[in-house]
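Novice: Dumping the structure here so I can ask a few things about it.
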Amino acid sequence: FFFYHFPFLRFSSTMIPTPIVSTIPTGARPLSSRFASTSLYVGDLSPDVTEATLFELFNAIGPVASIRVCRDSTTRRSLGYAYVNFHNVPDAERALDTMNFSNIRGRQCRIMWSQRDPRLRQSGKGNIFVKNLHESIDNKTLYDTFSVFGNILSCKVVMDRETGKSRGYGYVHYVDDKSAKKAIEGVNGMTISDRQVHAELFKPREERQKNFKFTNVYVKYIPRNWTEEIVKEVFEKGTGGEVDKMFFWRHDYGVSCCMNFKDPEMARIATEQINGRDIDSFDIAKERLLDLDETKEEQTDAGTDAAAAATGDAAAVDATDKEENKDD
């Protein structure tokens with residue numbers, strides 16, 4: 001059998017473009033010169049925003065070389081972000097300064113330098129996590145609050161896709177760790193819009209999962225001839241822990257269960273030491289196993305008896321109806 005415990009993942013069919021980037025370090029902002037380029041990322045776009053819409057807006061800032069709205073490879077629907085490429089770095093910088101958080105087709109856009117190297121985001125360097133935000137805090141308000149501590153590469157309040165409302169947390173990515181630490185010292189514990197905000201360094205998913213403790217495990221591919229008592233005994237002996245709750249399911253397609261350990265450490269041991277083991281290695285006595293043929297016959301007999309009882313009840317009702325009609 002096999003069991004696992006991990007957060008649910010969401011997948012979508014996407015097409016990741018390769019934007020045209022030409023890095024020119026001179027003439028850009030202090031501290032962020034190494035991030036300046038002719039290419040901008042424009043996010044949080046309405047689905048009806050097209051290349052023509054963006055060209056009309058950004059070409060007013062300076063000559064635009066190309067624009068690409070990223071779309072789903074299957075449905076061709078907009079993914080809500082685009083890349084705008086200018087001919088000159090100063091024009092791109094001016095667009096970032098003047099158009100960031102501006103309203104495009106009813107939505108506040110979010111603009112930042114295009115980053116081709118994903119390691120910058122994945123490393124978490126200079127990135128902080130902010131939570132307990134008031135629902136009135138949007139991207140611009142978050143940016144204005146944190147920009148006093150250093151140059152920001154990107155800033156985002158996470159929104160609920162269905163309701164469009166803030167989920168109460170966001171991310172602020174600085175150009176360096178020094179600015180991020182200064183922001184944490186200045187904002188952590190501060191009251192913003194009647195909410196005490198919490199700020200900390202961003203931790204990559206792998207690091208967060210290492211510190212995550214759980215007590216419940218889901219088990220599947222359990223042999224059909226195993227009882228609930230056998231499964232519980234196998235896991236308690238294999239881990240040295242105690243299972244205090246257990247839910248057992250028998251279906252036509254298989255047997256599975258969900259169990260809860262009192263100690264998180266025992267749940268971890270179960271996932272590491274029992275997961276994937278050969279069924280024969282548990283050496284369960286044959287007399288303890290269920291007789292599948294007998295069980296199947298009992299279920300069939302039970303179903304037949306229930307059907308007969310239902311038929312008998314129907315016959316009795318029919319006879320009563322006839323007697324009543326006769327009396328009438």
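Lettering and numbering for the structure tokens are positional, with chains as A, B, ... in the shown order, residues counted from 1 in each chain, and ligands counted from 1 in the shown order.
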Write out as JSON, numbers by chain all residues of stretch 32-152 of chain A that backbone DSSP assigns to strand (DSSP E or B).
Specialist: {"A": [39, 40, 41, 42, 43, 64, 65, 66, 67, 68, 69, 70, 71, 78, 79, 80, 81, 82, 83, 84, 85, 86, 103, 104, 107, 108, 110, 111, 112, 113, 127, 128, 129, 130, 131, 152]}
Novice: Please dump the current selection as an mmCIF file, in the first residue's frame; keep N, CA and C atoms.
Specialist:
```
data_model
loop_
_atom_site.group_PDB
_atom_site.id
_atom_site.type_symbol
_atom_site.label_atom_id
_atom_site.label_comp_id
_atom_site.auth_asym_id
_atom_site.auth_seq_id
_atom_site.Cartn_x
_atom_site.Cartn_y
_atom_site.Cartn_z
ATOM 1 N N SER A 39 13.024 45.604 -20.674
ATOM 2 C CA SER A 39 11.830 44.759 -20.584
ATOM 3 C C SER A 39 11.143 44.898 -19.236
ATOM 4 N N LEU A 40 9.824 45.064 -19.276
ATOM 5 C CA LEU A 40 9.027 45.178 -18.061
ATOM 6 C C LEU A 40 8.000 44.053 -17.992
ATOM 7 N N TYR A 41 7.765 43.592 -16.773
ATOM 8 C CA TYR A 41 6.683 42.640 -16.507
ATOM 9 C C TYR A 41 5.476 43.452 -16.063
ATOM 10 N N VAL A 42 4.317 43.208 -16.680
ATOM 11 C CA VAL A 42 3.087 43.910 -16.314
ATOM 12 C C VAL A 42 2.070 42.857 -15.879
ATOM 13 N N GLY A 43 1.712 42.855 -14.598
ATOM 14 C CA GLY A 43 0.826 41.824 -14.060
ATOM 15 C C GLY A 43 -0.507 42.350 -13.572
ATOM 16 N N VAL A 64 7.980 51.637 -28.195
ATOM 17 C CA VAL A 64 7.879 50.247 -27.748
ATOM 18 C C VAL A 64 8.376 49.317 -28.842
ATOM 19 N N ALA A 65 9.249 48.384 -28.477
ATOM 20 C CA ALA A 65 9.794 47.427 -29.444
ATOM 21 C C ALA A 65 8.835 46.270 -29.680
ATOM 22 N N SER A 66 8.288 45.722 -28.601
ATOM 23 C CA SER A 66 7.355 44.599 -28.737
ATOM 24 C C SER A 66 6.557 44.438 -27.448
ATOM 25 N N ILE A 67 5.406 43.765 -27.578
ATOM 26 C CA ILE A 67 4.535 43.484 -26.437
ATOM 27 C C ILE A 67 3.998 42.071 -26.595
ATOM 28 N N ARG A 68 3.965 41.347 -25.491
ATOM 29 C CA ARG A 68 3.401 39.990 -25.542
ATOM 30 C C ARG A 68 2.530 39.737 -24.324
ATOM 31 N N VAL A 69 1.254 39.496 -24.564
ATOM 32 C CA VAL A 69 0.335 39.075 -23.505
ATOM 33 C C VAL A 69 0.419 37.555 -23.428
ATOM 34 N N CYS A 70 0.748 37.017 -22.284
ATOM 35 C CA CYS A 70 0.920 35.576 -22.126
ATOM 36 C C CYS A 70 -0.439 34.897 -22.007
ATOM 37 N N ARG A 71 -0.597 33.790 -22.744
ATOM 38 C CA ARG A 71 -1.890 33.122 -22.821
ATOM 39 C C ARG A 71 -1.759 31.627 -22.560
ATOM 40 N N SER A 78 -6.027 34.896 -21.774
ATOM 41 C CA SER A 78 -4.956 35.630 -21.106
ATOM 42 C C SER A 78 -4.695 35.080 -19.714
ATOM 43 N N LEU A 79 -3.404 35.003 -19.352
ATOM 44 C CA LEU A 79 -3.016 34.555 -18.018
ATOM 45 C C LEU A 79 -2.910 35.722 -17.036
ATOM 46 N N GLY A 80 -3.219 36.928 -17.524
ATOM 47 C CA GLY A 80 -3.244 38.082 -16.639
ATOM 48 C C GLY A 80 -1.931 38.816 -16.497
ATOM 49 N N TYR A 81 -0.957 38.504 -17.364
ATOM 50 C CA TYR A 81 0.300 39.252 -17.313
ATOM 51 C C TYR A 81 0.898 39.339 -18.712
ATOM 52 N N ALA A 82 1.815 40.298 -18.863
ATOM 53 C CA ALA A 82 2.411 40.538 -20.178
ATOM 54 C C ALA A 82 3.834 41.062 -20.013
ATOM 55 N N TYR A 83 4.571 41.087 -21.124
ATOM 56 C CA TYR A 83 5.911 41.668 -21.164
ATOM 57 C C TYR A 83 5.899 42.800 -22.183
ATOM 58 N N VAL A 84 6.377 43.968 -21.747
ATOM 59 C CA VAL A 84 6.475 45.139 -22.617
ATOM 60 C C VAL A 84 7.950 45.461 -22.788
ATOM 61 N N ASN A 85 8.418 45.467 -24.033
ATOM 62 C CA ASN A 85 9.832 45.686 -24.330
ATOM 63 C C ASN A 85 10.027 47.025 -25.028
ATOM 64 N N PHE A 86 10.829 47.889 -24.414
ATOM 65 C CA PHE A 86 11.156 49.187 -24.991
ATOM 66 C C PHE A 86 12.469 49.108 -25.764
ATOM 67 N N ASN A 103 -4.558 52.225 -13.382
ATOM 68 C CA ASN A 103 -5.756 51.455 -13.697
ATOM 69 C C ASN A 103 -5.814 51.145 -15.194
ATOM 70 N N ILE A 104 -5.882 49.839 -15.515
ATOM 71 C CA ILE A 104 -6.017 49.408 -16.906
ATOM 72 C C ILE A 104 -7.252 48.527 -17.007
ATOM 73 N N ARG A 107 -8.663 47.442 -13.596
ATOM 74 C CA ARG A 107 -7.797 46.753 -12.639
ATOM 75 C C ARG A 107 -6.489 47.516 -12.445
ATOM 76 N N GLN A 108 -6.006 47.477 -11.205
ATOM 77 C CA GLN A 108 -4.748 48.135 -10.869
ATOM 78 C C GLN A 108 -3.596 47.230 -11.306
ATOM 79 N N ARG A 110 0.322 45.909 -12.016
ATOM 80 C CA ARG A 110 1.531 45.822 -11.192
ATOM 81 C C ARG A 110 2.722 45.633 -12.123
ATOM 82 N N ILE A 111 3.667 46.572 -12.083
ATOM 83 C CA ILE A 111 4.796 46.573 -13.024
ATOM 84 C C ILE A 111 6.105 46.395 -12.273
ATOM 85 N N MET A 112 6.987 45.585 -12.846
ATOM 86 C CA MET A 112 8.330 45.420 -12.284
ATOM 87 C C MET A 112 9.288 45.048 -13.412
ATOM 88 N N TRP A 113 10.590 45.121 -13.114
ATOM 89 C CA TRP A 113 11.585 44.711 -14.098
ATOM 90 C C TRP A 113 11.422 43.221 -14.405
ATOM 91 N N ASN A 127 13.494 39.031 0.038
ATOM 92 C CA ASN A 127 12.044 38.898 -0.042
ATOM 93 C C ASN A 127 11.456 38.741 1.362
ATOM 94 N N ILE A 128 10.399 39.478 1.657
ATOM 95 C CA ILE A 128 9.766 39.355 2.967
ATOM 96 C C ILE A 128 8.288 39.005 2.804
ATOM 97 N N PHE A 129 7.772 38.320 3.806
ATOM 98 C CA PHE A 129 6.372 37.898 3.844
ATOM 99 C C PHE A 129 5.651 38.760 4.870
ATOM 100 N N VAL A 130 4.522 39.339 4.475
ATOM 101 C CA VAL A 130 3.765 40.238 5.351
ATOM 102 C C VAL A 130 2.359 39.680 5.511
ATOM 103 N N LYS A 131 1.888 39.541 6.748
ATOM 104 C CA LYS A 131 0.554 38.992 6.969
ATOM 105 C C LYS A 131 -0.246 39.842 7.955
ATOM 106 N N ILE A 152 12.427 48.539 -4.199
ATOM 107 C CA ILE A 152 11.599 47.340 -4.295
ATOM 108 C C ILE A 152 11.577 46.808 -5.720
#
```
Novice: For the atom pair atom CA of A:Glu207 and atom CA of A:Tyr171, what is the interatomic distance in Å to one decimal place?
Specialist: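 Atom CA of A:Tyr171 lies at a distance of 17.0 Å from atom CA of A:Glu207.
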Novice: So that I can check the surroundings of A:Val148, please list as a list in words every protein, DNA and RNA residue that reaches within 10 Å of it, counting only C-alpha atoms and ignoring chain neighbours fewer than 2 positions away.
Specialist: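 The residues that qualify are Tyr143, Asp144, Thr145, Phe146, Gly150, Asn151, Ile152, Ser179, Lys182, Ala183 and Gly186 of chain A.
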Novice: Quote the spacing between atom CA of A:Glu228 and atom CA of A:Glu242 in Å to one decimal place.
Specialist: 14.5 Å
Novice: Just give me the gap between atom CA of A:Lys178 and atom CA of A:Cys109 in Å, one decimal is fine.
Specialist: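 Pair atom CA of A:Lys178 / atom CA of A:Cys109 returns 27.4 Å.
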Novice: Out of A:His87, A:Arg161, A:Lys181, A:Arg76, which residue has the shortest atom-to-atom distance to A:Leu201 when counting only C-alpha atoms?
Specialist: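 Residue with the minimum atom-to-atom distance to A:Leu201: A:Lys181.
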Novice: List every residue of stretch 124-190 of chain A that DSSP, applied to the backbone, labels as helix (DSSP H, G or I), and write the result as a PDB file with N, CA, C and O atoms, in the first residue's frame.
Specialist:
```pdb
ATOM      1  N   ASN A 139      -2.000  46.778  -3.513  1.00  0.00           N
ATOM      2  CA  ASN A 139      -0.591  46.736  -3.924  1.00  0.00           C
ATOM      3  C   ASN A 139       0.104  48.075  -3.742  1.00  0.00           C
ATOM      4  O   ASN A 139       1.234  48.151  -3.251  1.00  0.00           O
ATOM      5  N   LYS A 140      -0.562  49.152  -4.133  1.00  0.00           N
ATOM      6  CA  LYS A 140       0.054  50.482  -4.046  1.00  0.00           C
ATOM      7  C   LYS A 140       0.287  50.899  -2.596  1.00  0.00           C
ATOM      8  O   LYS A 140       1.349  51.451  -2.260  1.00  0.00           O
ATOM      9  N   THR A 141      -0.696  50.641  -1.739  1.00  0.00           N
ATOM     10  CA  THR A 141      -0.546  50.999  -0.320  1.00  0.00           C
ATOM     11  C   THR A 141       0.606  50.221   0.306  1.00  0.00           C
ATOM     12  O   THR A 141       1.399  50.773   1.081  1.00  0.00           O
ATOM     13  N   LEU A 142       0.705  48.941  -0.044  1.00  0.00           N
ATOM     14  CA  LEU A 142       1.801  48.119   0.477  1.00  0.00           C
ATOM     15  C   LEU A 142       3.141  48.645  -0.030  1.00  0.00           C
ATOM     16  O   LEU A 142       4.124  48.731   0.721  1.00  0.00           O
ATOM     17  N   TYR A 143       3.177  49.008  -1.295  1.00  0.00           N
ATOM     18  CA  TYR A 143       4.408  49.550  -1.891  1.00  0.00           C
ATOM     19  C   TYR A 143       4.811  50.852  -1.204  1.00  0.00           C
ATOM     20  O   TYR A 143       5.973  51.038  -0.836  1.00  0.00           O
ATOM     21  N   ASP A 144       3.848  51.759  -1.037  1.00  0.00           N
ATOM     22  CA  ASP A 144       4.153  53.052  -0.416  1.00  0.00           C
ATOM     23  C   ASP A 144       4.656  52.875   1.016  1.00  0.00           C
ATOM     24  O   ASP A 144       5.516  53.627   1.486  1.00  0.00           O
ATOM     25  N   THR A 145       4.111  51.863   1.725  1.00  0.00           N
ATOM     26  CA  THR A 145       4.511  51.623   3.113  1.00  0.00           C
ATOM     27  C   THR A 145       5.949  51.119   3.209  1.00  0.00           C
ATOM     28  O   THR A 145       6.705  51.538   4.088  1.00  0.00           O
ATOM     29  N   PHE A 146       6.324  50.235   2.292  1.00  0.00           N
ATOM     30  CA  PHE A 146       7.631  49.579   2.387  1.00  0.00           C
ATOM     31  C   PHE A 146       8.731  50.226   1.541  1.00  0.00           C
ATOM     32  O   PHE A 146       9.905  49.903   1.734  1.00  0.00           O
ATOM     33  N   SER A 147       8.375  51.117   0.629  1.00  0.00           N
ATOM     34  CA  SER A 147       9.394  51.712  -0.249  1.00  0.00           C
ATOM     35  C   SER A 147      10.360  52.629   0.485  1.00  0.00           C
ATOM     36  O   SER A 147      11.462  52.916  -0.008  1.00  0.00           O
ATOM     37  N   VAL A 148       9.979  53.081   1.675  1.00  0.00           N
ATOM     38  CA  VAL A 148      10.868  53.974   2.431  1.00  0.00           C
ATOM     39  C   VAL A 148      12.102  53.241   2.964  1.00  0.00           C
ATOM     40  O   VAL A 148      13.073  53.882   3.379  1.00  0.00           O
ATOM     41  N   PHE A 149      12.084  51.905   2.930  1.00  0.00           N
ATOM     42  CA  PHE A 149      13.197  51.133   3.483  1.00  0.00           C
ATOM     43  C   PHE A 149      14.210  50.692   2.420  1.00  0.00           C
ATOM     44  O   PHE A 149      15.260  50.150   2.750  1.00  0.00           O
ATOM     45  N   ASP A 177      19.201  42.057   0.874  1.00  0.00           N
ATOM     46  CA  ASP A 177      18.780  41.609   2.205  1.00  0.00           C
ATOM     47  C   ASP A 177      18.795  42.735   3.226  1.00  0.00           C
ATOM     48  O   ASP A 177      17.996  42.740   4.172  1.00  0.00           O
ATOM     49  N   LYS A 178      19.711  43.678   3.038  1.00  0.00           N
ATOM     50  CA  LYS A 178      19.835  44.779   3.996  1.00  0.00           C
ATOM     51  C   LYS A 178      18.535  45.568   4.077  1.00  0.00           C
ATOM     52  O   LYS A 178      18.047  45.897   5.171  1.00  0.00           O
ATOM     53  N   SER A 179      17.953  45.883   2.931  1.00  0.00           N
ATOM     54  CA  SER A 179      16.685  46.628   2.906  1.00  0.00           C
ATOM     55  C   SER A 179      15.557  45.797   3.502  1.00  0.00           C
ATOM     56  O   SER A 179      14.685  46.321   4.206  1.00  0.00           O
ATOM     57  N   ALA A 180      15.563  44.480   3.205  1.00  0.00           N
ATOM     58  CA  ALA A 180      14.517  43.598   3.718  1.00  0.00           C
ATOM     59  C   ALA A 180      14.551  43.549   5.244  1.00  0.00           C
ATOM     60  O   ALA A 180      13.503  43.639   5.907  1.00  0.00           O
ATOM     61  N   LYS A 181      15.750  43.421   5.824  1.00  0.00           N
ATOM     62  CA  LYS A 181      15.883  43.364   7.272  1.00  0.00           C
ATOM     63  C   LYS A 181      15.484  44.694   7.914  1.00  0.00           C
ATOM     64  O   LYS A 181      14.870  44.725   8.988  1.00  0.00           O
ATOM     65  N   LYS A 182      15.815  45.787   7.251  1.00  0.00           N
ATOM     66  CA  LYS A 182      15.451  47.106   7.762  1.00  0.00           C
ATOM     67  C   LYS A 182      13.922  47.268   7.766  1.00  0.00           C
ATOM     68  O   LYS A 182      13.349  47.839   8.700  1.00  0.00           O
ATOM     69  N   ALA A 183      13.268  46.739   6.726  1.00  0.00           N
ATOM     70  CA  ALA A 183      11.814  46.827   6.636  1.00  0.00           C
ATOM     71  C   ALA A 183      11.155  46.001   7.738  1.00  0.00           C
ATOM     72  O   ALA A 183      10.163  46.430   8.344  1.00  0.00           O
ATOM     73  N   ILE A 184      11.700  44.825   8.004  1.00  0.00           N
ATOM     74  CA  ILE A 184      11.141  43.962   9.051  1.00  0.00           C
ATOM     75  C   ILE A 184      11.244  44.652  10.408  1.00  0.00           C
ATOM     76  O   ILE A 184      10.303  44.659  11.206  1.00  0.00           O
ATOM     77  N   GLU A 185      12.396  45.262  10.671  1.00  0.00           N
ATOM     78  CA  GLU A 185      12.592  45.974  11.936  1.00  0.00           C
ATOM     79  C   GLU A 185      11.635  47.147  12.071  1.00  0.00           C
ATOM     80  O   GLU A 185      11.160  47.462  13.160  1.00  0.00           O
ATOM     81  N   GLY A 186      11.352  47.799  10.937  1.00  0.00           N
ATOM     82  CA  GLY A 186      10.513  48.994  10.993  1.00  0.00           C
ATOM     83  C   GLY A 186       9.020  48.722  10.988  1.00  0.00           C
ATOM     84  O   GLY A 186       8.240  49.504  11.543  1.00  0.00           O
ATOM     85  N   VAL A 187       8.592  47.613  10.353  1.00  0.00           N
ATOM     86  CA  VAL A 187       7.163  47.379  10.167  1.00  0.00           C
ATOM     87  C   VAL A 187       6.605  46.276  11.065  1.00  0.00           C
ATOM     88  O   VAL A 187       5.437  46.337  11.468  1.00  0.00           O
TER      89      VAL A 187
END
```
Novice: Go through A:Asp160, A:Asp278, A:Glu233, A:Asp263 one by one, measure the shortest atom-to-atom distance of each to A:Asn216 using only C-alpha atoms, and give the residue with the smallest value.
Specialist: A:Asp263
Novice: Which of these, A:Ile284, A:Met190, A:Cys257, A:Ala95, has the shortest distance to A:Gly62 once you count only C-alpha atoms?
Specialist: A:Ala95
